[in-house]
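S.K.: Following this line is input-v2.cif, made up of mmCIF, C-alpha atoms:
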```cif
data_target
loop_
_atom_site.label_atom_id
_atom_site.label_comp_id
_atom_site.auth_asym_id
_atom_site.auth_seq_id
_atom_site.Cartn_x
_atom_site.Cartn_y
_atom_site.Cartn_z
CA MET A 1 76.19 -12.73 14.62
CA SER A 2 75.38 -14.30 17.99
CA GLN A 3 77.12 -17.40 19.22
CA VAL A 4 75.82 -20.18 21.45
CA LYS A 5 76.69 -19.66 25.12
CA GLN A 6 75.76 -21.17 28.48
CA ASN A 7 72.04 -20.95 29.37
CA ASP A 8 70.99 -20.39 25.72
CA THR A 9 68.15 -22.50 24.39
CA VAL A 10 69.16 -23.86 21.01
CA ARG A 11 67.81 -26.06 18.24
CA VAL A 12 70.43 -28.33 16.71
CA HIS A 13 70.39 -30.94 13.96
CA TYR A 14 72.83 -33.77 14.63
CA THR A 15 73.96 -37.14 13.39
CA GLY A 16 75.68 -39.36 15.94
CA LYS A 17 78.17 -41.97 14.76
CA LEU A 18 80.54 -44.49 16.26
CA ALA A 19 84.22 -44.55 15.29
CA ASP A 20 83.47 -47.22 12.63
CA GLY A 21 80.98 -44.86 10.93
CA GLN A 22 77.83 -46.63 12.17
CA ILE A 23 75.03 -44.09 12.78
CA PHE A 24 73.31 -44.61 16.13
CA ASP A 25 71.00 -41.56 16.12
CA SER A 26 70.09 -38.68 13.84
CA SER A 27 67.68 -35.75 14.16
CA VAL A 28 68.12 -35.16 10.43
CA GLU A 29 66.39 -38.45 9.60
CA ARG A 30 63.53 -37.61 11.99
CA GLY A 31 63.23 -34.18 10.37
CA GLU A 32 63.09 -32.30 13.67
CA PRO A 33 66.12 -30.73 15.39
CA ILE A 34 66.68 -31.33 19.10
CA GLU A 35 65.94 -28.37 21.40
CA PHE A 36 67.71 -27.95 24.72
CA THR A 37 68.99 -25.35 27.16
CA LEU A 38 72.73 -25.41 27.82
CA GLY A 39 73.85 -25.87 31.40
CA GLN A 40 70.81 -27.90 32.51
CA GLY A 41 72.45 -31.30 32.02
CA GLN A 42 69.84 -32.43 29.50
CA LEU A 43 72.50 -33.86 27.18
CA ILE A 44 75.90 -35.45 27.61
CA PRO A 45 78.59 -32.90 28.55
CA GLY A 46 80.63 -33.35 25.37
CA PHE A 47 77.62 -32.55 23.18
CA GLU A 48 76.77 -29.37 25.11
CA ASN A 49 80.41 -28.24 25.09
CA GLY A 50 80.58 -28.91 21.34
CA VAL A 51 77.87 -26.40 20.45
CA ILE A 52 79.24 -23.55 22.58
CA GLY A 53 80.55 -20.79 20.32
CA MET A 54 78.69 -22.02 17.22
CA GLU A 55 76.54 -19.63 15.12
CA VAL A 56 73.20 -20.24 13.40
CA ASN A 57 73.63 -22.37 10.22
CA GLN A 58 77.20 -23.27 11.21
CA LYS A 59 78.12 -26.94 10.82
CA LYS A 60 80.92 -28.81 12.53
CA THR A 61 81.97 -32.30 13.53
CA ILE A 62 82.99 -33.04 17.10
CA GLU A 63 84.55 -36.11 18.68
CA ILE A 64 83.46 -36.93 22.22
CA PRO A 65 85.58 -39.35 24.27
CA PHE A 66 83.47 -41.86 26.23
CA GLY A 67 84.36 -40.06 29.49
CA GLU A 68 82.38 -37.02 28.30
CA ALA A 69 79.60 -39.17 26.86
CA TYR A 70 78.15 -42.23 28.64
CA GLY A 71 81.21 -43.16 30.67
CA ASP A 72 83.15 -46.40 30.86
CA VAL A 73 81.58 -49.85 30.92
CA GLN A 74 81.06 -50.72 34.59
CA GLN A 75 81.44 -54.41 35.44
CA GLU A 76 79.09 -54.10 38.43
CA MET A 77 76.28 -53.32 35.95
CA PHE A 78 76.38 -56.94 34.70
CA MET A 79 74.01 -59.26 36.58
CA GLU A 80 73.25 -62.96 36.34
CA VAL A 81 69.53 -63.78 36.20
CA PRO A 82 67.94 -67.25 36.33
CA LYS A 83 66.02 -68.05 33.14
CA SER A 84 63.14 -69.08 35.41
CA GLN A 85 62.56 -65.36 36.12
CA LEU A 86 61.91 -64.64 32.44
CA PRO A 87 58.50 -65.01 30.77
CA GLN A 88 58.09 -68.67 29.81
CA GLU A 89 57.67 -67.99 26.08
CA MET A 90 60.83 -65.82 25.92
CA GLU A 91 63.86 -67.21 24.11
CA PRO A 92 66.72 -64.89 25.24
CA GLN A 93 69.33 -63.97 22.64
CA VAL A 94 72.56 -61.97 22.94
CA GLY A 95 71.83 -58.30 22.21
CA MET A 96 68.11 -58.56 23.03
CA GLY A 97 66.71 -55.64 24.99
CA LEU A 98 64.82 -56.25 28.22
CA VAL A 99 63.03 -53.99 30.68
CA SER A 100 63.15 -54.66 34.41
CA ARG A 101 60.67 -53.08 36.81
CA ASN A 102 62.12 -51.87 40.09
CA PRO A 103 60.12 -52.14 43.35
CA ASP A 104 59.40 -48.39 43.16
CA GLY A 105 57.77 -48.84 39.73
CA SER A 106 60.63 -47.30 37.74
CA GLU A 107 62.06 -49.19 34.79
CA MET A 108 65.62 -50.19 33.96
CA GLN A 109 66.75 -50.89 30.39
CA LEU A 110 68.86 -54.04 30.11
CA ARG A 111 70.60 -55.90 27.30
CA VAL A 112 71.30 -59.63 27.20
CA ALA A 113 75.09 -59.96 27.19
CA GLU A 114 75.39 -63.75 27.45
CA VAL A 115 73.05 -66.77 27.44
CA LYS A 116 74.01 -69.74 29.60
CA GLU A 117 72.18 -73.03 30.19
CA ASP A 118 70.09 -71.94 33.20
CA THR A 119 70.87 -68.23 33.45
CA ILE A 120 71.47 -65.14 31.38
CA ILE A 121 73.91 -62.29 31.98
CA VAL A 122 72.24 -58.89 31.57
CA ASP A 123 74.04 -55.59 31.10
CA ALA A 124 72.51 -52.44 32.62
CA ASN A 125 75.19 -50.12 31.17
CA HIS A 126 74.03 -47.55 28.62
CA PRO A 127 74.41 -49.13 25.14
CA LEU A 128 76.96 -46.42 24.23
CA ALA A 129 79.03 -46.77 27.44
CA GLY A 130 82.72 -47.20 26.70
CA LYS A 131 82.39 -45.81 23.17
CA ASP A 132 83.85 -42.62 21.73
CA LEU A 133 81.19 -40.73 19.77
CA ILE A 134 81.30 -38.49 16.70
CA PHE A 135 78.59 -35.91 16.09
CA GLU A 136 77.95 -33.84 12.99
CA LEU A 137 76.24 -30.69 14.29
CA GLU A 138 74.32 -27.81 12.72
CA VAL A 139 72.88 -25.02 14.85
CA VAL A 140 69.42 -24.21 13.46
CA GLU A 141 68.30 -21.57 15.98
CA ILE A 142 69.48 -19.73 19.09
CA LYS A 143 66.56 -18.52 21.23
#
```
Is it possible to express this structure as structure tokens?
M.R.:
Amino acid sequence: MSQVKQNDTVRVHYTGKLADGQIFDSSVERGEPIEFTLGQGQLIPGFENGVIGMEVNQKKTIEIPFGEAYGDVQQEMFMEVPKSQLPQEMEPQVGMGLVSRNPDGSEMQLRVAEVKEDTIIVDANHPLAGKDLIFELEVVEIK
């Protein structure tokens, strides 16, 4: 039976969990496996490395340290923003997601990390930065 190798296009069902068991994403619940080509950097390195050598219908659980996932939390990704720059009707709360538009028109996802009297601290790190991840994998198809 063939095994997943570099440059293969595969379809994989997965459930991603944090160390405390909290599920943060699952293709199983959406009903559609993820499809990607290994070696193109479409997914985090630890996920791609985890499927190498698997066979169709094989299941396994992998643990990915944060260094092979979304990296460490970077302090320079925290920024203080005056509340006056927020929409007037907005009441910022810790954990709230925000979107910032860059001058070039691209968007940056932010999360409110702290609310002060006249400012808020926003975090531009990926929400899973600094976290070790656990994935339950099942290879559905190797193309």
S.K.: For the file shown, what are the residues hit by the PyMOL selection byres ((chain A and resi 130) around 12), laid out as a list of chain:residue names?
M.R.: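 Evaluating the PyMOL selection byres ((chain A and resi 130) around 12) on these coordinates yields A:Leu18, A:Ala19, A:Ile64, A:Pro65, A:Phe66, A:Gly67, A:Glu68, A:Ala69, A:Tyr70, A:Gly71, A:Asp72, A:Val73, A:Gln74, A:Gln75, A:Asn125, A:His126, A:Pro127, A:Leu128, A:Ala129, A:Lys131, A:Asp132, A:Leu133.
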S.K.: Using the chain letters and numbering of this document, enumerate as a ChimeraX atom specification the residues selected by the PyMOL selection byres ((chain A and resi 97) around 7).
M.R.: /A:95-96,98-99,110-112
S.K.: The selected residues should be written to file as a PDB file, in the coordinates of the input (atoms: C-alpha atoms).
M.R.:
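Writing done, so here's result.pdb:
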```pdb
ATOM      1  CA  GLY A  95      71.830 -58.300  22.210  1.00  0.00           C
ATOM      2  CA  MET A  96      68.110 -58.560  23.030  1.00  0.00           C
ATOM      3  CA  LEU A  98      64.820 -56.250  28.220  1.00  0.00           C
ATOM      4  CA  VAL A  99      63.030 -53.990  30.680  1.00  0.00           C
ATOM      5  CA  LEU A 110      68.860 -54.040  30.110  1.00  0.00           C
ATOM      6  CA  ARG A 111      70.600 -55.900  27.300  1.00  0.00           C
ATOM      7  CA  VAL A 112      71.300 -59.630  27.200  1.00  0.00           C
TER       8      VAL A 112
END
```
S.K.: Near Glu29 of chain A, within 10 Å and counting all atoms listed in the file, which residues show up once chain neighbours fewer than 2 positions away are dropped, as a compact mmCIF listing (two decimals) with C-alpha atoms, keeping the file's coordinate frame?
M.R.:
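The result, stored in out12.txt:
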```
# COMPACT_ATOMS: atom_id res chain seq x y z
CA HIS A 13 70.39 -30.94 13.96
CA TYR A 14 72.83 -33.77 14.63
CA THR A 15 73.96 -37.14 13.39
CA ASP A 25 71.00 -41.56 16.12
CA SER A 26 70.09 -38.68 13.84
CA SER A 27 67.68 -35.75 14.16
CA GLY A 31 63.23 -34.18 10.37
CA GLU A 32 63.09 -32.30 13.67
CA PRO A 33 66.12 -30.73 15.39
```
S.K.: Separation of atom CA of Ile23 of chain A and atom CA of Glu138 of chain A, in Å?
M.R.: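 That distance, rounded to one decimal, is 16.3 Å.
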S.K.: Any chance you could work out the residue set of the PyMOL selection byres ((chain A and resi 35) around 12) here, as number ranges by chain?
M.R.: A: 8-14, 27, 32-34, 36-38, 42-43, 48, 139-143
S.K.: Which is closest to Glu136 of chain A among A:Ser106, A:Ser100, A:Thr61, A:Gln93, if we use all atoms listed in the file?
M.R.: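 Among the listed residues, A:Thr61 lies closest to Glu136 of chain A.
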S.K.: A:Gly16, A:Asn7, A:Val28, A:Phe78: which is nearest Gly41 of chain A, counting all atoms listed in the file?
M.R.: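 Between A:Gly16, A:Asn7, A:Val28, A:Phe78, the residue approaching Gly41 of chain A most closely is A:Asn7.
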S.K.: Quick one: distance from atom CA of Met90 of chain A to atom CA of Asp123 of chain A in Å, one decimal?
M.R.: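 Separation between atom CA of Met90 of chain A and atom CA of Asp123 of chain A: 17.5 Å.
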S.K.: Please measure the separation of atom CA of Pro103 of chain A and atom CA of Asp118 of chain A, giving the value in Å to one decimal.
M.R.: 24.4 Å
S.K.: As a tab-separated table (two decimals) with C-alpha atoms, in the frame of the given file, please: the residues near segment 82-84 of chain A (cut-off 12 Å, all atoms listed in the file, same-chain neighbours under 4 positions excluded).
M.R.:
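Final file, out27.tsv:
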```
chain	number	residue	atom	x	y	z
A	88	GLN	CA	58.09	-68.67	29.81
A	89	GLU	CA	57.67	-67.99	26.08
A	90	MET	CA	60.83	-65.82	25.92
A	91	GLU	CA	63.86	-67.21	24.11
A	92	PRO	CA	66.72	-64.89	25.24
A	93	GLN	CA	69.33	-63.97	22.64
A	112	VAL	CA	71.30	-59.63	27.20
A	114	GLU	CA	75.39	-63.75	27.45
A	115	VAL	CA	73.05	-66.77	27.44
A	116	LYS	CA	74.01	-69.74	29.60
A	117	GLU	CA	72.18	-73.03	30.19
A	118	ASP	CA	70.09	-71.94	33.20
A	119	THR	CA	70.87	-68.23	33.45
A	120	ILE	CA	71.47	-65.14	31.38
A	121	ILE	CA	73.91	-62.29	31.98
A	122	VAL	CA	72.24	-58.89	31.57
```
S.K.: Pick out the closest residue to Gly50 of chain A from this set: A:Gln109, A:Gln6, A:Gln22, A:Asn102. Count all atoms listed in the file.
M.R.: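 Ranking A:Gln109, A:Gln6, A:Gln22, A:Asn102 by distance to Gly50 of chain A, first place goes to A:Gln6.
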S.K.: Please write out, as AutoDock Vina command-line options, where the centre of an axis-aligned box around all listed atoms of segment 69-77 of chain A lies and how long its edges are, in Å to one decimal, after adding 5 Å on each side.
M.R.:
```
--center_x 79.7 --center_y -46.8 --center_z 32.6 --size_x 16.9 --size_y 25.2 --size_z 21.6
```
